[in-house]
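Have a look at target.pdb below; it lists PDB, C-alpha atoms and all ligand atoms.
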```
MODEL        1
ATOM      1  CA  MET A1414      85.191  94.367  93.524
ATOM      2  CA  SER A1415      87.283  93.335  90.518
ATOM      3  CA  GLY A1416      91.048  93.104  90.443
ATOM      4  CA  ASN A1417      91.253  95.963  87.962
ATOM      5  CA  GLN A1418      89.259  98.286  90.214
ATOM      6  CA  ARG A1419      91.666  97.512  93.037
ATOM      7  CA  ARG A1420      94.763  98.338  91.023
ATOM      8  CA  THR A1421      95.190 101.807  92.361
ATOM      9  CA  THR A1422      98.617 101.636  93.941
ATOM     10  CA  ARG A1423     101.795 100.814  92.104
ATOM     11  CA  GLU A1424     104.738  99.647  94.162
ATOM     12  CA  ARG A1425     108.043  99.982  92.381
ATOM     13  CA  ILE A1426     111.379  98.441  93.179
ATOM     14  CA  THR A1427     114.682  98.178  91.382
ATOM     15  CA  ASP A1428     115.998  94.758  90.466
ATOM     16  CA  GLY A1429     119.646  93.674  90.599
ATOM     17  CA  ASP A1430     120.327  95.283  87.216
ATOM     18  CA  GLY A1431     118.937  98.641  88.326
ATOM     19  CA  VAL A1432     115.764  98.132  86.267
ATOM     20  CA  ALA A1433     112.557  99.520  87.814
ATOM     21  CA  VAL A1434     109.866  96.852  88.153
ATOM     22  CA  GLU A1435     106.373  96.965  89.585
ATOM     23  CA  SER A1436     105.413  94.517  92.294
ATOM     24  CA  ALA A1437     102.137  92.615  92.255
ATOM     25  CA  LEU A1438     102.731  91.282  95.753
ATOM     26  CA  VAL A1439     104.869  92.726  98.508
ATOM     27  CA  GLY A1440     105.801  91.179 101.828
ATOM     28  CA  ASP A1441     106.852  94.001 104.113
ATOM     29  CA  GLY A1442     108.642  93.445 107.423
ATOM     30  CA  LEU A1443     107.350  89.884 107.728
ATOM     31  CA  GLU A1444     107.950  87.858 110.854
ATOM     32  CA  LEU A1445     106.292  84.463 110.662
ATOM     33  CA  SER A1446     105.797  81.660 113.143
ATOM     34  CA  TYR A1447     103.336  78.810 113.691
ATOM     35  CA  PRO A1448     100.793  78.760 116.516
ATOM     36  CA  THR A1449     102.451  75.669 117.990
ATOM     37  CA  SER A1450     105.717  77.461 118.787
ATOM     38  CA  ASP A1451     107.128  80.919 119.541
ATOM     39  CA  GLU A1452     110.048  80.363 117.200
ATOM     40  CA  THR A1453     110.253  82.853 114.331
ATOM     41  CA  ILE A1454     110.473  80.743 111.182
ATOM     42  CA  VAL A1455     110.755  83.535 108.626
ATOM     43  CA  ASP A1456     112.150  87.001 109.164
ATOM     44  CA  CYS A1457     112.042  88.909 105.899
ATOM     45  CA  ALA A1458     112.377  92.689 105.684
ATOM     46  CA  ARG A1459     111.062  92.899 102.143
ATOM     47  CA  LEU A1460     109.945  90.491  99.457
ATOM     48  CA  ASP A1461     108.710  91.582  96.040
ATOM     49  CA  VAL A1462     106.896  89.470  93.478
ATOM     50  CA  PRO A1463     107.226  91.502  90.286
ATOM     51  CA  GLU A1464     104.119  92.089  88.182
ATOM     52  CA  GLU A1465     103.667  89.941  85.061
ATOM     53  CA  ALA A1466     106.864  87.984  85.727
ATOM     54  CA  VAL A1467     107.715  84.502  86.986
ATOM     55  CA  THR A1468     109.532  84.460  90.327
ATOM     56  CA  ALA A1469     110.928  81.199  91.683
ATOM     57  CA  LEU A1470     111.508  80.737  95.409
ATOM     58  CA  VAL A1471     114.473  78.477  95.990
ATOM     59  CA  GLY A1472     116.334  77.306  99.060
ATOM     60  CA  PRO A1473     117.118  74.174 101.045
ATOM     61  CA  ASN A1474     114.573  72.063 102.939
ATOM     62  CA  GLY A1475     113.191  73.913 105.912
ATOM     63  CA  SER A1476     114.449  77.340 104.786
ATOM     64  CA  GLY A1477     110.947  78.835 104.962
ATOM     65  CA  LYS A1478     109.741  78.880 101.346
ATOM     66  CA  SER A1479     106.345  77.299 102.058
ATOM     67  CA  THR A1480     105.911  79.380 105.190
ATOM     68  CA  LEU A1481     106.523  82.542 103.192
ATOM     69  CA  LEU A1482     104.076  81.396 100.519
ATOM     70  CA  LYS A1483     101.454  80.732 103.209
ATOM     71  CA  ALA A1484     101.796  84.325 104.406
ATOM     72  CA  LEU A1485     101.652  85.650 100.832
ATOM     73  CA  SER A1486      98.399  83.745 100.298
ATOM     74  CA  ASN A1487      96.833  84.752 103.644
ATOM     75  CA  HIS A1488      96.968  81.209 105.018
ATOM     76  CA  LEU A1489      99.253  82.321 107.840
ATOM     77  CA  ASP A1490      98.842  85.547 109.817
ATOM     78  CA  PRO A1491     102.161  87.365 110.198
ATOM     79  CA  ASP A1492     103.338  88.145 113.750
ATOM     80  CA  ALA A1493     104.638  91.383 112.279
ATOM     81  CA  GLY A1494     104.469  93.056 108.884
ATOM     82  CA  THR A1495     101.994  93.101 106.044
ATOM     83  CA  VAL A1496     101.394  91.506 102.681
ATOM     84  CA  ARG A1497     100.019  93.772  99.987
ATOM     85  CA  ILE A1498      98.563  92.783  96.651
ATOM     86  CA  HIS A1499      98.527  95.646  94.164
ATOM     87  CA  GLY A1500      98.979  97.944  97.128
ATOM     88  CA  ASP A1501      96.107  96.597  99.263
ATOM     89  CA  ASP A1502      96.653  94.771 102.548
ATOM     90  CA  LEU A1503      95.518  91.144 102.159
ATOM     91  CA  ARG A1504      93.573  91.518 105.395
ATOM     92  CA  ASN A1505      91.161  93.864 103.583
ATOM     93  CA  PHE A1506      89.914  91.037 101.372
ATOM     94  CA  ASP A1507      87.302  88.475 102.239
ATOM     95  CA  ARG A1508      88.035  84.882 101.223
ATOM     96  CA  LYS A1509      86.131  84.989  97.955
ATOM     97  CA  GLU A1510      87.496  88.368  96.891
ATOM     98  CA  LEU A1511      91.020  87.145  97.474
ATOM     99  CA  ALA A1512      90.342  83.935  95.551
ATOM    100  CA  ARG A1513      89.486  86.069  92.517
ATOM    101  CA  GLU A1514      92.898  87.728  92.791
ATOM    102  CA  LEU A1515      95.135  84.865  93.872
ATOM    103  CA  GLY A1516      95.236  81.235  92.767
ATOM    104  CA  VAL A1517      97.082  79.124  95.306
ATOM    105  CA  LEU A1518      98.500  75.629  95.013
ATOM    106  CA  SER A1519      99.674  74.601  98.468
ATOM    107  CA  GLN A1520     101.466  71.457  99.573
ATOM    108  CA  GLU A1521      98.638  70.550 101.899
ATOM    109  CA  ASN A1522      95.584  70.300  99.698
ATOM    110  CA  ASP A1523      92.225  70.238 101.453
ATOM    111  CA  SER A1524      90.508  66.904 101.403
ATOM    112  CA  LEU A1525      87.281  67.273  99.462
ATOM    113  CA  GLY A1526      86.020  63.729  99.913
ATOM    114  CA  SER A1527      85.384  61.349  97.051
ATOM    115  CA  ILE A1528      84.895  63.746  94.173
ATOM    116  CA  THR A1529      85.898  63.399  90.549
ATOM    117  CA  VAL A1530      88.700  65.318  88.893
ATOM    118  CA  GLU A1531      86.187  67.325  86.859
ATOM    119  CA  ASP A1532      84.237  68.289  89.999
ATOM    120  CA  LEU A1533      87.481  69.399  91.631
ATOM    121  CA  VAL A1534      88.293  71.615  88.659
ATOM    122  CA  TYR A1535      84.772  73.113  88.792
ATOM    123  CA  HIS A1536      85.447  73.830  92.450
ATOM    124  CA  GLY A1537      88.063  76.333  91.207
ATOM    125  CA  ARG A1538      85.216  78.449  89.824
ATOM    126  CA  TYR A1539      83.554  79.072  93.218
ATOM    127  CA  PRO A1540      84.983  82.609  93.673
ATOM    128  CA  HIS A1541      83.227  83.654  90.471
ATOM    129  CA  ARG A1542      79.789  82.442  91.533
ATOM    130  CA  SER A1543      77.300  83.599  94.119
ATOM    131  CA  PHE A1544      75.611  81.060  96.369
ATOM    132  CA  PHE A1545      72.529  80.861  94.138
ATOM    133  CA  ASP A1546      74.290  80.897  90.752
ATOM    134  CA  GLY A1547      74.535  77.773  88.659
ATOM    135  CA  VAL A1548      77.464  76.978  86.424
ATOM    136  CA  ASP A1549      77.520  79.214  83.338
ATOM    137  CA  ASP A1550      79.242  79.123  79.938
ATOM    138  CA  GLU A1551      82.252  80.998  81.236
ATOM    139  CA  ASP A1552      82.693  78.384  83.976
ATOM    140  CA  HIS A1553      82.473  75.583  81.393
ATOM    141  CA  ARG A1554      85.043  77.298  79.164
ATOM    142  CA  ALA A1555      87.450  77.946  82.051
ATOM    143  CA  VAL A1556      87.175  74.329  83.243
ATOM    144  CA  GLU A1557      87.712  72.872  79.768
ATOM    145  CA  ARG A1558      90.718  75.166  79.210
ATOM    146  CA  ALA A1559      92.231  74.190  82.569
ATOM    147  CA  ILE A1560      91.693  70.465  81.908
ATOM    148  CA  GLU A1561      93.366  70.824  78.522
ATOM    149  CA  LEU A1562      96.299  72.866  79.878
ATOM    150  CA  ALA A1563      96.932  70.313  82.617
ATOM    151  CA  GLY A1564      96.532  67.414  80.154
ATOM    152  CA  ILE A1565      94.057  65.516  82.320
ATOM    153  CA  ASP A1566      91.148  64.926  79.950
ATOM    154  CA  GLY A1567      91.739  61.170  80.202
ATOM    155  CA  ILE A1568      91.174  61.140  83.976
ATOM    156  CA  ARG A1569      88.407  63.745  84.309
ATOM    157  CA  ASP A1570      85.846  61.168  85.503
ATOM    158  CA  ALA A1571      88.215  59.416  87.899
ATOM    159  CA  GLU A1572      87.803  59.872  91.637
ATOM    160  CA  LEU A1573      90.650  61.759  93.280
ATOM    161  CA  GLY A1574      91.268  59.005  95.804
ATOM    162  CA  GLN A1575      92.047  56.535  93.026
ATOM    163  CA  LEU A1576      94.763  58.638  91.400
ATOM    164  CA  SER A1577      98.546  58.537  91.661
ATOM    165  CA  GLY A1578     100.369  61.375  93.422
ATOM    166  CA  GLY A1579     101.294  62.974  90.090
ATOM    167  CA  GLN A1580      97.779  62.688  88.669
ATOM    168  CA  LYS A1581      96.353  64.282  91.813
ATOM    169  CA  GLN A1582      98.878  67.081  91.552
ATOM    170  CA  LEU A1583      97.795  67.775  87.956
ATOM    171  CA  ALA A1584      94.135  67.799  89.015
ATOM    172  CA  TRP A1585      94.870  70.385  91.742
ATOM    173  CA  ILE A1586      96.861  72.460  89.265
ATOM    174  CA  ALA A1587      93.889  72.394  86.864
ATOM    175  CA  MET A1588      91.617  73.548  89.701
ATOM    176  CA  VAL A1589      93.888  76.526  90.374
ATOM    177  CA  LEU A1590      94.079  77.365  86.648
ATOM    178  CA  ALA A1591      90.257  77.281  86.395
ATOM    179  CA  GLN A1592      90.183  79.998  89.049
ATOM    180  CA  ASP A1593      91.517  82.279  86.308
ATOM    181  CA  THR A1594      93.407  84.753  88.506
ATOM    182  CA  ASP A1595      96.031  87.352  87.606
ATOM    183  CA  VAL A1596      98.390  86.069  90.274
ATOM    184  CA  LEU A1597      99.403  82.451  90.956
ATOM    185  CA  LEU A1598     101.253  81.177  94.027
ATOM    186  CA  LEU A1599     102.409  77.625  93.478
ATOM    187  CA  ASP A1600     104.180  75.541  96.102
ATOM    188  CA  GLU A1601     106.240  72.858  94.375
ATOM    189  CA  PRO A1602     103.866  72.245  91.437
ATOM    190  CA  THR A1603     106.315  69.773  89.883
ATOM    191  CA  THR A1604     106.436  67.454  92.911
ATOM    192  CA  PHE A1605     105.404  63.886  92.033
ATOM    193  CA  LEU A1606     105.533  64.665  88.306
ATOM    194  CA  ASP A1607     107.542  62.781  85.706
ATOM    195  CA  VAL A1608     109.840  64.832  83.498
ATOM    196  CA  HIS A1609     107.240  65.167  80.718
ATOM    197  CA  HIS A1610     104.624  66.559  83.097
ATOM    198  CA  GLN A1611     107.182  68.769  84.815
ATOM    199  CA  PHE A1612     107.923  70.410  81.470
ATOM    200  CA  ARG A1613     104.261  70.600  80.632
ATOM    201  CA  VAL A1614     103.374  72.358  83.891
ATOM    202  CA  LEU A1615     106.290  74.773  83.601
ATOM    203  CA  GLU A1616     105.450  75.494  79.946
ATOM    204  CA  THR A1617     101.831  76.144  80.910
ATOM    205  CA  ILE A1618     102.926  78.578  83.595
ATOM    206  CA  ARG A1619     105.192  80.339  81.115
ATOM    207  CA  GLN A1620     102.417  80.443  78.516
ATOM    208  CA  LEU A1621      99.964  82.004  80.997
ATOM    209  CA  ASN A1622     102.597  84.556  81.911
ATOM    210  CA  GLU A1623     103.484  85.473  78.329
ATOM    211  CA  GLN A1624     100.008  85.372  76.816
ATOM    212  CA  LYS A1625      97.884  86.651  79.689
ATOM    213  CA  GLY A1626     100.411  88.538  81.793
ATOM    214  CA  VAL A1627      99.821  86.293  84.801
ATOM    215  CA  THR A1628     102.172  86.977  87.730
ATOM    216  CA  VAL A1629     103.636  83.806  89.211
ATOM    217  CA  ALA A1630     105.536  82.998  92.389
ATOM    218  CA  VAL A1631     106.536  79.357  92.416
ATOM    219  CA  VAL A1632     108.556  77.215  94.807
ATOM    220  CA  LEU A1633     110.941  74.970  92.869
ATOM    221  CA  HIS A1634     113.496  72.556  94.249
ATOM    222  CA  ASP A1635     115.765  72.212  91.249
ATOM    223  CA  ILE A1636     117.926  75.333  91.272
ATOM    224  CA  ALA A1637     119.133  74.756  87.691
ATOM    225  CA  GLN A1638     115.560  74.354  86.454
ATOM    226  CA  ALA A1639     114.486  77.438  88.419
ATOM    227  CA  ALA A1640     117.361  79.474  86.989
ATOM    228  CA  ARG A1641     116.466  78.571  83.417
ATOM    229  CA  PHE A1642     112.734  78.991  83.909
ATOM    230  CA  ALA A1643     112.177  82.058  86.089
ATOM    231  CA  ASP A1644     112.627  85.768  85.428
ATOM    232  CA  TYR A1645     113.559  86.332  89.076
ATOM    233  CA  LEU A1646     114.818  84.134  91.872
ATOM    234  CA  VAL A1647     114.248  84.578  95.587
ATOM    235  CA  ALA A1648     116.832  82.544  97.494
ATOM    236  CA  MET A1649     115.840  81.666 101.059
ATOM    237  CA  CYS A1650     118.278  80.494 103.709
ATOM    238  CA  ASP A1651     117.480  79.806 107.375
ATOM    239  CA  GLY A1652     114.238  81.772 107.210
ATOM    240  CA  GLU A1653     115.833  84.838 105.673
ATOM    241  CA  LEU A1654     116.025  86.181 102.177
ATOM    242  CA  TYR A1655     119.605  85.529 101.085
ATOM    243  CA  ASP A1656     119.321  87.208  97.685
ATOM    244  CA  TRP A1657     116.786  88.352  95.113
ATOM    245  CA  GLY A1658     117.088  89.250  91.432
ATOM    246  CA  PRO A1659     117.512  87.881  87.913
ATOM    247  CA  PRO A1660     118.951  84.312  87.914
ATOM    248  CA  GLU A1661     122.289  85.420  86.389
ATOM    249  CA  ASP A1662     122.845  87.658  89.415
ATOM    250  CA  VAL A1663     121.566  85.275  92.078
ATOM    251  CA  VAL A1664     122.983  81.906  90.994
ATOM    252  CA  THR A1665     126.635  82.059  91.923
ATOM    253  CA  GLU A1666     129.061  79.458  93.209
ATOM    254  CA  GLN A1667     129.027  81.388  96.510
ATOM    255  CA  LEU A1668     125.246  81.036  96.807
ATOM    256  CA  LEU A1669     125.418  77.320  96.033
ATOM    257  CA  ALA A1670     127.952  76.851  98.811
ATOM    258  CA  ASP A1671     126.339  79.216 101.364
ATOM    259  CA  VAL A1672     122.701  78.326 100.793
ATOM    260  CA  PHE A1673     122.673  74.800  99.423
ATOM    261  CA  GLY A1674     125.909  73.481 100.890
ATOM    262  CA  VAL A1675     127.254  72.176  97.596
ATOM    263  CA  GLU A1676     130.432  72.852  95.747
ATOM    264  CA  ALA A1677     129.296  73.483  92.192
ATOM    265  CA  THR A1678     130.242  75.150  88.952
ATOM    266  CA  VAL A1679     127.934  77.609  87.239
ATOM    267  CA  GLN A1680     128.218  77.591  83.469
ATOM    268  CA  TYR A1681     126.532  79.753  80.870
ATOM    269  CA  GLU A1682     127.002  77.650  77.726
ATOM    270  CA  PRO A1683     124.578  77.269  76.031
ATOM    271  CA  GLU A1684     122.413  78.482  78.939
ATOM    272  CA  LEU A1685     122.829  78.839  82.683
ATOM    273  CA  GLN A1686     123.734  75.434  84.127
ATOM    274  CA  VAL A1687     124.585  74.342  87.626
ATOM    275  CA  LEU A1688     126.947  71.407  87.883
ATOM    276  CA  PRO A1689     127.102  70.089  91.474
ATOM    277  CA  ARG A1690     130.318  68.240  92.355
ATOM    278  CA  ARG A1691     129.977  67.335  96.030
ATOM    279  CA  ALA A1692     128.084  68.115  99.221
ATOM    280  CA  LEU A1693     129.927  70.400 101.612
ATOM    281  CA  PRO A1694     130.067  69.539 105.337
ATOM    282  CA  ASP A1695     126.950  70.608 107.303
ATOM    283  CA  ARG A1696     126.957  74.235 108.416
TER     284      ARG A1696
HETATM  285  N1  LIG A1701     102.687  73.626 110.561
HETATM  286  C1  LIG A1701     103.874  73.850 111.118
HETATM  287  N2  LIG A1701     104.020  73.961 112.465
HETATM  288  C2  LIG A1701     105.210  74.199 113.032
HETATM  289  N3  LIG A1701     106.364  74.337 112.337
HETATM  290  C3  LIG A1701     106.300  74.228 111.006
HETATM  291  C4  LIG A1701     105.059  73.973 110.322
HETATM  292  N4  LIG A1701     105.321  73.935 108.989
HETATM  293  C5  LIG A1701     106.630  74.136 108.847
HETATM  294  N5  LIG A1701     107.218  74.315 110.057
HETATM  295  C6  LIG A1701     108.655  74.571 110.291
HETATM  296  O1  LIG A1701     109.012  75.731 109.586
HETATM  297  C7  LIG A1701     110.321  75.603 109.031
HETATM  298  C8  LIG A1701     110.260  76.000 107.571
HETATM  299  O2  LIG A1701     109.415  75.083 106.909
HETATM  300  P1  LIG A1701     108.936  75.338 105.433
HETATM  301  O3  LIG A1701     107.958  74.249 105.118
HETATM  302  O4  LIG A1701     108.483  76.740 105.282
HETATM  303  O5  LIG A1701     110.284  75.149 104.633
HETATM  304  P2  LIG A1701     110.525  74.907 103.079
HETATM  305  O6  LIG A1701     111.666  75.784 102.697
HETATM  306  O7  LIG A1701     109.269  75.068 102.314
HETATM  307  O8  LIG A1701     110.982  73.376 103.098
HETATM  308  P3  LIG A1701     110.835  72.185 102.021
HETATM  309  O9  LIG A1701     111.723  72.555 100.869
HETATM  310  O10 LIG A1701     111.350  71.008 102.760
HETATM  311  O11 LIG A1701     109.388  72.063 101.620
HETATM  312  C9  LIG A1701     110.760  74.147 109.275
HETATM  313  O12 LIG A1701     111.681  74.154 110.324
HETATM  314  C10 LIG A1701     109.496  73.452 109.692
HETATM  315  O13 LIG A1701     109.750  72.468 110.655
ENDMDL
END
```

Represent the structure from my file as C-alpha cells, please.
Ligand SMILES: Nc1ncnc2c1ncn2[C@@H]1O[C@H](COP(=O)(O)OP(=O)(O)OP(=O)(O)O)[C@@H](O)[C@H]1O
Amino acid sequence: MSGNQRRTTRERITDGDGVAVESALVGDGLELSYPTSDETIVDCARLDVPEEAVTALVGPNGSGKSTLLKALSNHLDPDAGTVRIHGDDLRNFDRKELARELGVLSQENDSLGSITVEDLVYHGRYPHRSFFDGVDDEDHRAVERAIELAGIDGIRDAELGQLSGGQKQLAWIAMVLAQDTDVLLLDEPTTFLDVHHQFRVLETIRQLNEQKGVTVAVVLHDIAQAARFADYLVAMCDGELYDWGPPEDVVTEQLLADVFGVEATVQYEPELQVLPRRALPDR
C-alpha cells in the first residue's frame, strides 16, 4: 500500500500563532519506558510533527528526545498511547510498509558487518524491493542522488569499519535518504560532523523539505542552530513536553533557564540568536 493511498485522515492542530497546521505524525497520550525498568521515561499527552515542515526536538541530555523518537519510529512500544502517521496507528504497518513511509536515523545504528558505503546506501532501497527483485534503475538513481546529497562519492568504496565517526554518520544519512520517504526522523544527524558537513546536512534536509515537501523531525543539540533552522521546536524537559511551536515563541530566556539551566540572552538581530552567559546551579 502506498503512502498516498494511506493518506485518508487529516489531523489538524493549531500552532502557537493560532495557525491551523496538519500533522504527519502524532504521538497521543504517550507513556514510554524501557524493558529494563518500570520507570516512565517520557510522559507526553500530545506531540505533533506538522506535515511538510521541519520540527526540531531540543532539550538537555537525558530529557527523553531519543526515547520519543524511538516511539515515533516504532522502535519502542508505548506503555500507553498511540503514534499515528497520517492518521493510521503505526502498529497497523509491517516493517517494510513503515520503511516506505518513514526514514529513520537512530543513534544506535545496526551493525551490518564489513560492507562498503555504497552497499549500505543500497540497503536503504530494501523497502522498495520484493525478495526476488534485483536492483532497478530507480534504485540506482536514488542511491546516486543520496550519495551526492551526502557528499560521500569519494568514500563510496570504503568499508564502513575503516571510516571516521563523521564519515560513518554521512554514510548512514545517505542510506536514509536513499529510502526516499515522505517523513524523516533523524536523531542527532550532525553528531560527529565538522561545521561544513553540519551545514551540508542541514541544507540537504531543508532542500528536501522545500523541494519535495518532506516532513522532518530532527533531534538537535544546539538550540541556537535549531531555532534558526527549524519551522517548529519541541522542547523536552524531564521526559515531558515543556513547549511546542515556532522558534520565536518557544525560545525565551525563561525556557533557557528552566530547561537548559543557563542564563542567556535571546536576540533577534539580524536573526534569532541565543547568547549563553553562565550555567545556573543544578535544579
Ligand atoms: N536502552 C535504555 N534502557 C534504559 N534506560 C534508557 C535507555 N535509553 C535511554 N534510557 C534512559 O532514558 C532517559 C532519556 O534518555 P534519552 O536518550 O531519551 O534522552 P535524550 O534527551 O535523547 O538525551 P541525549 O541528549 O543525551 O541524547 C535517560 O535517563 C536514559 O538513561

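Counting from CA of Leu1590 (chain A), the distance to CA of Val1439 (chain A) is 22.2 Å.
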
So, counting only C-alpha atoms, which residue among A:Leu1654, A:Pro1602, A:Ala1637, A:Gly1440 is closest to Ala1677 (chain A)?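 Between A:Leu1654, A:Pro1602, A:Ala1637, A:Gly1440, the residue approaching Ala1677 (chain A) most closely is A:Ala1637.
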
I'd like to see the residues matched by the PyMOL selection byres (((chain A and resi 1632) around 8) and not hetatm) on this file, and ideally I'd get them as a list of chain:residue names.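 Answer for the PyMOL selection byres (((chain A and resi 1632) around 8) and not hetatm): A:Ala1469, A:Leu1470, A:Val1471, A:Lys1478, A:Ser1479, A:Leu1599, A:Asp1600, A:Glu1601, A:Pro1602, A:Ala1630, A:Val1631, A:Leu1633, A:His1634.
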
Expected answer as a ChimeraX atom specification: residues within 9 Å of ligand LIG 1701 (chain A), only C-alpha atoms and all ligand atoms: /A:1446-1450,1452-1455,1470-1483,1520,1600-1601,1632-1634,1649-1652

As an exercise, work out the distance from CA of Pro1689 (chain A) to CA of Asp1671 (chain A) in Å and give it to one decimal place.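 Computing it gives 13.5 Å between the two atoms.
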
So how many Å separate CA of Glu1435 (chain A) and CA of Thr1628 (chain A), to one decimal? 11.0 Å

Do a neighbour search on Leu1668 (chain A) at 12 Å with only C-alpha atoms, toss out local chain neighbours closer than 2 positions, and write the hits as a VMD selection string. chain A and resid 1471 to 1473 1636 1646 to 1650 1654 to 1657 1660 to 1666 1670 to 1679 1687

Restrict the selected residues to C-alpha atoms and save them as a PDB file, in the coordinates of the input.
```
ATOM      1  CA  VAL A1471     114.473  78.477  95.990  1.00  0.00           C
ATOM      2  CA  GLY A1472     116.334  77.306  99.060  1.00  0.00           C
ATOM      3  CA  PRO A1473     117.118  74.174 101.045  1.00  0.00           C
ATOM      4  CA  ILE A1636     117.926  75.333  91.272  1.00  0.00           C
ATOM      5  CA  LEU A1646     114.818  84.134  91.872  1.00  0.00           C
ATOM      6  CA  VAL A1647     114.248  84.578  95.587  1.00  0.00           C
ATOM      7  CA  ALA A1648     116.832  82.544  97.494  1.00  0.00           C
ATOM      8  CA  MET A1649     115.840  81.666 101.059  1.00  0.00           C
ATOM      9  CA  CYS A1650     118.278  80.494 103.709  1.00  0.00           C
ATOM     10  CA  LEU A1654     116.025  86.181 102.177  1.00  0.00           C
ATOM     11  CA  TYR A1655     119.605  85.529 101.085  1.00  0.00           C
ATOM     12  CA  ASP A1656     119.321  87.208  97.685  1.00  0.00           C
ATOM     13  CA  TRP A1657     116.786  88.352  95.113  1.00  0.00           C
ATOM     14  CA  PRO A1660     118.951  84.312  87.914  1.00  0.00           C
ATOM     15  CA  GLU A1661     122.289  85.420  86.389  1.00  0.00           C
ATOM     16  CA  ASP A1662     122.845  87.658  89.415  1.00  0.00           C
ATOM     17  CA  VAL A1663     121.566  85.275  92.078  1.00  0.00           C
ATOM     18  CA  VAL A1664     122.983  81.906  90.994  1.00  0.00           C
ATOM     19  CA  THR A1665     126.635  82.059  91.923  1.00  0.00           C
ATOM     20  CA  GLU A1666     129.061  79.458  93.209  1.00  0.00           C
ATOM     21  CA  ALA A1670     127.952  76.851  98.811  1.00  0.00           C
ATOM     22  CA  ASP A1671     126.339  79.216 101.364  1.00  0.00           C
ATOM     23  CA  VAL A1672     122.701  78.326 100.793  1.00  0.00           C
ATOM     24  CA  PHE A1673     122.673  74.800  99.423  1.00  0.00           C
ATOM     25  CA  GLY A1674     125.909  73.481 100.890  1.00  0.00           C
ATOM     26  CA  VAL A1675     127.254  72.176  97.596  1.00  0.00           C
ATOM     27  CA  GLU A1676     130.432  72.852  95.747  1.00  0.00           C
ATOM     28  CA  ALA A1677     129.296  73.483  92.192  1.00  0.00           C
ATOM     29  CA  THR A1678     130.242  75.150  88.952  1.00  0.00           C
ATOM     30  CA  VAL A1679     127.934  77.609  87.239  1.00  0.00           C
ATOM     31  CA  VAL A1687     124.585  74.342  87.626  1.00  0.00           C
TER      32      VAL A1687
END
```

Skipping near chain neighbours, those fewer than 6 positions away, what residues fall within 8 Å of Ala1563 (chain A) using all atoms listed in the file, listed as a PyMOL selection string? chain A and resi 1583-1584+1586-1587+1613-1614+1617

I'd like to see the residues matched by the PyMOL selection byres (((chain A and resi 1459) around 8) and not hetatm) on this file, and ideally I'd get them as number ranges by chain. A: 1439-1443, 1457-1458, 1460-1461

Hey, which of A:Asp1695, A:Asp1501, A:Glu1465, A:Asp1492 ends up closest to Ile1618 (chain A)? Count all atoms listed in the file.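 Nearest to Ile1618 (chain A): A:Glu1465.
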
Counting all atoms listed in the file, figure out which residue out of A:Asp1451, A:Arg1569, A:Asn1487, A:Gln1611 gets nearest to Phe1506 (chain A). A:Asn1487

Could you write out as a ChimeraX atom specification the residues that the PyMOL selection byres (((chain A and resi 1557) around 12) and not hetatm) matches in the shown file? /A:1530-1532,1534-1535,1537-1538,1550-1556,1558-1566,1569,1587-1588,1590-1592

For a quick check of understanding, using all atoms listed in the file, which of A:Gly1574, A:Asp1546, A:Val1467, A:Arg1691 has the smallest distance to Leu1615 (chain A)?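 Checking each of A:Gly1574, A:Asp1546, A:Val1467, A:Arg1691 against Leu1615 (chain A), counting all atoms listed in the file, the winner is A:Val1467.
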
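Residues of protein, DNA or RNA having at least one counted atom within 7 Å of (88.4, 85.5, 89.3), given all atoms listed in the file, are Ala1512, Arg1513, Glu1514, Pro1540, His1541, Gln1592, Asp1593 and Thr1594 of chain A.
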
Which residue, A:Gly1578, A:Gly1500, A:Gly1626, A:Pro1491, has the smallest gap to Thr1603 (chain A) when you use all atoms listed in the file? A:Gly1578

Quick one: residues within 9 Å of (104.5, 90.2, 85.5) (file frame), counting all atoms listed in the file, please, as a ChimeraX atom specification. /A:1434-1437,1462-1467,1596,1622-1623,1626-1629

Identify which of the residues A:Asp1549, A:Thr1529, A:Tyr1539, A:Gln1667 lies closest to Arg1508 (chain A), counting all atoms listed in the file when measuring atom-to-atom distances.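 The shortest atom-to-atom distance to Arg1508 (chain A) comes from A:Tyr1539.
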